[in-house]
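J.: First, the structure itself, so that you have it in front of you.
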Amino acid sequence: MDIRFEQVDFTYQPNTPFEQRALFDVNLTIKEGSYTAIVGHTGSGKSTLLQHLNALVKPTKGTVTIGDRTIVPETNNKNLKPIRKKVGIVFQFPEAQLFEETVAKDIAFGPKNFGVTEEEAQQTAAKMLHLVGLDDSYLDRSPFELSGGQMRRVAIAGVLAMEPEVLVLDEPTAGLDPQGRKEMMEMFEQLHKKQGITIVLVTHLMDDVANYADHVLVLEKGKIVKAGTPQIVFADIDWLKEKQLGVPTAAAFAEKLIAKGMTFDYLPLTAAQLADQLLQNVEKAGEDQ
């Protein structure tokens, strides 16, 4: 299921003294099966764009197409519920949305709300708990007795229980320690590869973009100012610095080596790519001796 924006504008509280335009003529396509990263500073329009992905808001102007559904400003708010089953959004600190007395009930809440039987909902809860790396022993526990990382996994399992085709992640590793962040990102990578889920990641961590995404959208003041593969978007280091977006660690290190005279076939973005390029340099040096 593709998601497409065509000339999308969005304005908060239009025709009032508090009117504030958040998106300007946005055109983009999120392809089925892709892993798209959205980056940009606070206030760039990322959160507003996310809310369009499952019709939490409608465009003020233009068209958002989600699978076979077309959303325009005049679209009736009724019958949009099925879209929210297809596109699941994990907002920042999703554990704050936990509310049931047991993990099983929390995960099963969404499916039951869509008319699934109690038995099916419980089976789904167990299945999704396994998908996020927790076992059956957690099902009858209170979510509020878990660690922060475990609570987040349970909250994500609740979104996955709707069996979405697209999973939208808004700063999913915020507040986690480095190990927790690594585990969380690897979990999403497995969901993407093994379950075939389309991933949309909003993050300020450029290493995560370089390591996982195959497409990048850069937002600035409500406009898309650059789009392409990580290799294309990160190619212009000076532009990234000018926009104060940050640079993947491997690319920043490579840039220092280039300044000292080392050459690379391409700008490495990940630790693996950097290691490969350094090995080639060592081998060339050995051949020249």
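Residue names in the structure tokens use chain letters A, B, ... in the order shown, residue numbers from 1 in each chain, and ligand numbers from 1 in the order shown.
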With a distance cut-off of 7 Å and only C-alpha atoms, select the neighbouring residues of region 47-61 of chain A, excluding the residue or stretch itself and same-chain residues fewer than 2 positions from it, and output the selection as a list in words.
T.: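 What passes the distance filter is Val8, Asp9, Phe10, Thr11, Gly45, Thr63, Ile71, Val72, Pro73, Ile83, Arg84 and Val87 of chain A.
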J.: Give me, as a Markdown table, the closest atom pair and its distance (Å, one decimal) for every residue of region 183-213 of chain A within a cut-off of 10 Å of region 20-32 of chain A, counting only C-alpha atoms, rows sorted by chain and rising number.
T.:
| residue | atom | partner | partner_atom | distance |
| --- | --- | --- | --- | --- |
| A:Gly196 | CA | A:Glu32 | CA | 8.9 |
| A:Ile197 | CA | A:Glu32 | CA | 8.2 |
| A:Thr198 | CA | A:Glu32 | CA | 5.9 |
| A:Ile199 | CA | A:Glu32 | CA | 9.0 |
| A:Val200 | CA | A:Ile30 | CA | 8.2 |
J.: I need the residues from that last selection saved to file as a JSON list (two decimals), in the first residue's frame (with C-alpha atoms), if you can.
T.:
[["chain", "number", "residue", "atom", "x", "y", "z"],
["A", 196, "GLY", "CA", 7.14, -6.88, 5.26],
["A", 197, "ILE", "CA", 5.86, -3.84, 7.15],
["A", 198, "THR", "CA", 6.47, -0.43, 5.57],
["A", 199, "ILE", "CA", 8.34, 1.74, 8.08],
["A", 200, "VAL", "CA", 8.19, 5.53, 8.37]]
J.: Residues near Val64 (chain A), anyone? I mean within 6 Å using only C-alpha atoms, not counting same-chain ones fewer than 5 positions away, as an MDAnalysis selection string.
T.: chainID A and resid 4:5 70:71
J.: Give me a file of those residues, with C-alpha atoms, as a short mmCIF file (atom, residue, chain, number, x, y, z; two decimals), in the first residue's frame.
T.:
data_model
loop_
_atom_site.label_atom_id
_atom_site.label_comp_id
_atom_site.auth_asym_id
_atom_site.auth_seq_id
_atom_site.Cartn_x
_atom_site.Cartn_y
_atom_site.Cartn_z
CA ARG A 4 0.98 9.70 -1.75
CA PHE A 5 0.79 13.43 -1.06
CA THR A 70 -8.33 9.47 -1.22
CA ILE A 71 -8.41 12.17 1.46
#
J.: I'd like the interatomic distance between CA of Thr42 (chain A) and CA of Glu220 (chain A), to a tenth of an Å.
T.: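 Pair CA of Thr42 (chain A) / CA of Glu220 (chain A) returns 9.2 Å.
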J.: Run DSSP on the backbone and grab whatever in region 16-216 of chain A lands in strand (DSSP E); send it over as a PyMOL selection string.
T.: chain A and resi 20-30+35-39+61-66+69-71+87-90+166-170+198-202+215-216
